[in-house]
Amino acid sequence: MGCAMADQWTFGGGIVYRPSREVVERSAVYAFMREHEIADFEELLHRSTKDVAWFTDAVLRYLGIRFAQPYSAVLDTGDDPRFPRWCVDARMNITESCLDRWVADDSMRDSPALLWEGEEGTTRALTYAELAEDVGRCANALRALGCSRGDAIGLYMPMTPEIVVAFFAIARIGGVIIPLFSGFGEQAVVSRLRDAEAVALFTSDGAWRRGSIADMKRIADEAADELPELRHMIVLRRCGNAVAMREGRDHWWHELIPAQSCEAPAEIVDAEDVLMLIHTSGTTGKPKGAVHTHCGFPVKAAQDMAFGTDVQRGDRIYWMTDMGWMMGPWLLFGSSILGGTMFLYDGAPDYPGPGRLWQLVERHRLHVVGISPTLIRSLMKHGLDPVRAQDLSSVRCYASTSEPWNPDPWMWLFREVGGGTRPIINYSGGTEISGGIVMGSPVLPLKPASFSAACPGIAADVYDEQGRPLRNAVGELVITAPWIGMTRGFWRDRQRYIDTYWSRWENVWVHGDFAAIDEDGMWYILGRSDDTIKIAGKRVGPAEVESVLVAHAAVNEAAVIGIPHEVKGNEIVCCVVLNPGHTLTSEVLAELRALLAHDMGKALAPKHIVAVRDLPKTRNGKVMRRMVRAAWLGQDPGDTGSLVNPDTLAELAVIATNDTNSLR
C-alpha cells in the first residue's frame, strides 16, 4: 500500500484506464477547450487558475447562466482576496437558469427533469415543465404564508420529488434554503434552524427506512417547540402514519400547495444574495453555517458535473445522498442547469437485498452513478451475483466522494462491476468549496483510488510544513487563488471562518486534508490532516493503515485512530468490521499484525486491533474518525447529529473500557 508519511510516499498501482478518442471528443470539457482554442487539459488548468476572471466569465457563458442585470466585473478581489466579490452589480435568480430556460425551449420542456423511486417501489417522473409548475405553486404557497426575500426556510424531508419542489421554491422567492439531514434528531434540527432564524420548515409525516417508518414529524414538532420564530410547518404525507397537526402553524402539503397558481415570477435579487446555508459539524462548538449565494454554489456544482462526470442535456445522474449533505443541493443545481435528469431514491441502497442499487441502475437506465467507498465495501461481501443479475450497460461512469478509497474495493468496482471500461470519477472537496478541489476527468487516465487532476479553476497544491510545494510526498492540501464556488464565510462568524481556513499561510486556503501528487501528476487524498497520527516523529495517515487491513479476507471496513502513548507520543488503534463468517481469532490478529508490520514498518504496527459491529458514519457513508477517537478516550464527541448510527459510539466506549491496553 504505502509507507509512513515521513518517508518517500508511494500508493501503488499504475494506470488502469485511458479514455478512448470517442469518449474524449464527446465530452463537455473537450467542447469547452475547443471553443477557447485550448490544446489540452494542462493548458486549461493553467489558464483557468492564472486568469480566474476569464475562466469564470467563460464558464458562466458556457452554462448559460441567466442574469436580469449583467455584471460589471466578474471578479473583484479588492483589498482582501479572502473575501472577493463575484458578479459585481449583477441581479438574478438562479431558478431561471434551472427551470425557466428549459420551459421556454420546445425541445426541452417535456424532457424529464426528475426521476424518483421510493423504497416501497413507487416511482414518479416530472418533466421540466411539470417541475416548474409545481415549483410555482409551492412558491406561491410560501408567499401566501407571508414568507419572502431573505427568510430562512428549513428542509427536513426524505428524498422525494417534493423536496426538490420545495428547494427550488425557496430560492424562487429569494429565501434562504436550510437543508437538513433527514436522520437528524431534535437538537441537531434546533441548532441549525435557530442559527438561521428560520421562519418555516418543510417536513414529512415520516420516511421509509428498511421497511419501517421513521417519525420525522414528531422530531420536527419537538424542535419547533424550542423555536418561537418558526411560524409555519408544511407537512408532506409520505407514509400515511398518524401525526399531530398544530392548528395555525401546520399545513398539509396536499391541501396547501396544489390549489395555488403555477405562475410565480422569480424574485430578482443581487447575485451575491444569500441562497443557502449548509451547516457542517465541528469537533467543538455549534455547527458552522457555510454561506452560499445565487452566483456561487450552483455555478461550481454545474461546472464540476459537466467537466468531471460529463453530464450533458438528457443525461441521467444519481448520487447516493441526502439533502442535508452538500451533494444533495449539488445534484439539484448541477443537473438542472445542465438540462440533465436527476434521479432520487428514497430508501436504503441495499434494501430489501444487496441488489437494490444495481436494480435501480437497470430500471432507470442511469448514466452516472455516484456512490461511496463505504457502500461498495459493504456490497462486495455479497459477491457478484446481485451485480450480474442486472443490465448495467447504460452506465458511462461511476463516481464517488465523501472519503478516501482503499485500492481493493476501487478495483472491484472498476473491474468486476464496470468491466474495466467505465472510469470511476473520484471527487473530493467540501461544503465550503461548493464541490471539488480535485476530480477525475473524462479526458484523462486513471490509477486506482486516484484523482486525475485539480478541478479547472481551482489553484490547488500540496504544501510541506514550511509552505513549499511538495511532490511524491504527503502534505497539506491548499488553494492559492479564489474560485466562484467558495463559501462567502460562516454565517455571522467571520473570525471562525478566517481561523479555520486562512490562518496558517497568508492568503492561502488550507483545506484540512492531507494529499499527495505523484510523478504522473495524479492526486490522492489521504484523509483529514487532523486525523493524522504522529508516532515517534513519523506521521501516518489512517487511510494507509486501513487499506492494509481491508485487504485481508476477514475485514470489511476499518477505522484507524491515534491515542496518547507515554513514550511514542501516540499509538495506533484499529477498529475493524469483519466480513460474515469471520471472527477476530488469535490467528487473524496475528495475520493482521504481520501485514501491518510488513507494509507499514514494525515501529508503526498497532497494539490495539478490536472488532466492532459498525463504525460511526454519516448518511453519505463517511466514517467519523474523530468520534471514534473521542469514544475510545471517553471524551465529548462533539456534534453527532449527522450520524446515522450514534449508538456505535457507546459500543466503542465499552470496548475501550474493557481493552486492557487502552489509555483513558
# chains A, B, ... in the order shown; residues from 1 in each chain; ligands from 1

$ select_by_dssp --residues "range 394-588 of chain A" --states "helix (DSSP H, G or I)" --output "count of residues only"
34

$ residues_around --residues "range 128-135 of chain A" --least-positions-apart "6" --cutoff "10 Å" --atoms "only C-alpha atoms" --output "PyMOL selection string"
chain A and resi 95-96+98-105+108-114+141+161-162+164-172+257-258+260-264+336+339-341

$ closest_atom_pairs --of "range 44-145 of chain A" --to "range 195-201 of chain A" --cutoff "12 Å" --atoms "only C-alpha atoms" --output "Markdown table"
| residue | atom | partner | partner_atom | distance |
| --- | --- | --- | --- | --- |
| A:Ala141 | CA | A:Ala200 | CA | 11.8 |
| A:Leu142 | CA | A:Ala200 | CA | 8.9 |
| A:Arg143 | CA | A:Ala200 | CA | 11.5 |
| A:Leu145 | CA | A:Ala200 | CA | 9.3 |

$ residues_around --residues "Met327 in chain A" --least-positions-apart "3" --cutoff "10 Å" --atoms "only C-alpha atoms" --output "MDAnalysis selection string"
chainID A and resid 301 319:324 330:334 370 401:402 430:431 434:435 620

$ residues_around --residues "Trp86 in chain A" --least-positions-apart "4" --cutoff "7 Å" --atoms "only C-alpha atoms" --output "ChimeraX atom specification"
/A:74-76,484

$ write_last_selection --atoms "C-alpha atoms" --output "PDB file, in the first residue's frame"
ATOM      1  CA  VAL A  74     -16.982  39.002 -12.844  1.00  0.00           C
ATOM      2  CA  LEU A  75     -14.422  39.243 -10.010  1.00  0.00           C
ATOM      3  CA  ASP A  76     -13.183  41.966  -7.687  1.00  0.00           C
ATOM      4  CA  ILE A 484     -16.593  31.352  -7.668  1.00  0.00           C
TER       5      ILE A 484
END

$ residues_around --residues "range 408-411 of chain A" --least-positions-apart "6" --cutoff "9 Å" --atoms "only C-alpha atoms" --output "list in words"
Pro373, Ile376, Arg377, Met380, Gly420, Ile424, Pro448, Ala449, Ser547, Val550 and Ala551 of chain A

$ select_by_dssp --residues "range 89-295 of chain A" --states "strand (DSSP E)" --output "MDAnalysis selection string"
chainID A and resid 91:92 112:118 123:127 152:155 176:179 200:204 207:209 212:214 232:236 250:252 269:270 274:280 288:293

$ residues_around --residues "Trp632 in chain A" --least-positions-apart "3" --cutoff "7 Å" --atoms "only C-alpha atoms" --output "number ranges by chain"
A: 628-629, 652-653, 656

$ write_last_selection --atoms "N, CA, C and O atoms" --output "compact mmCIF listing (two decimals), in the first residue's frame"
# COMPACT_ATOMS: atom_id res chain seq x y z
N VAL A 628 -14.73 8.32 16.67
CA VAL A 628 -14.17 7.04 17.14
C VAL A 628 -13.14 7.30 18.23
O VAL A 628 -13.15 6.67 19.30
N ARG A 629 -12.28 8.27 17.98
CA ARG A 629 -11.23 8.59 18.95
C ARG A 629 -11.82 9.12 20.24
O ARG A 629 -11.40 8.73 21.34
N LEU A 652 -18.22 1.49 21.17
CA LEU A 652 -16.78 1.74 21.17
C LEU A 652 -16.26 2.07 22.56
O LEU A 652 -15.19 1.62 22.96
N ALA A 653 -17.04 2.86 23.30
CA ALA A 653 -16.61 3.23 24.65
C ALA A 653 -16.52 2.00 25.55
O ALA A 653 -15.59 1.87 26.35
N ALA A 656 -13.44 -0.01 24.56
CA ALA A 656 -12.22 0.63 25.04
C ALA A 656 -12.03 0.42 26.53
O ALA A 656 -10.92 0.19 27.01

$ residues_around --residues "Glu506 in chain A" --least-positions-apart "3" --cutoff "10 Å" --atoms "only C-alpha atoms" --output "PyMOL selection string"
chain A and resi 82+480+502-503+509

$ atom_distance --atom1 "CA of Asn140 in chain A" --atom2 "CA of Pro265 in chain A"
9.3 Å

$ closest_residue --among "A:Val545, A:Ala220, A:Ala90, A:Leu357" --to "Ala188 in chain A" --atoms "only C-alpha atoms"
A:Ala220

$ closest_residue --among "A:Glu416, A:Glu432, A:Asp270, A:Asp215" --to "Val291 in chain A" --atoms "only C-alpha atoms"
A:Glu432

$ atom_distance --atom1 "CA of His565 in chain A" --atom2 "CA of Val654 in chain A"
20.2 Å
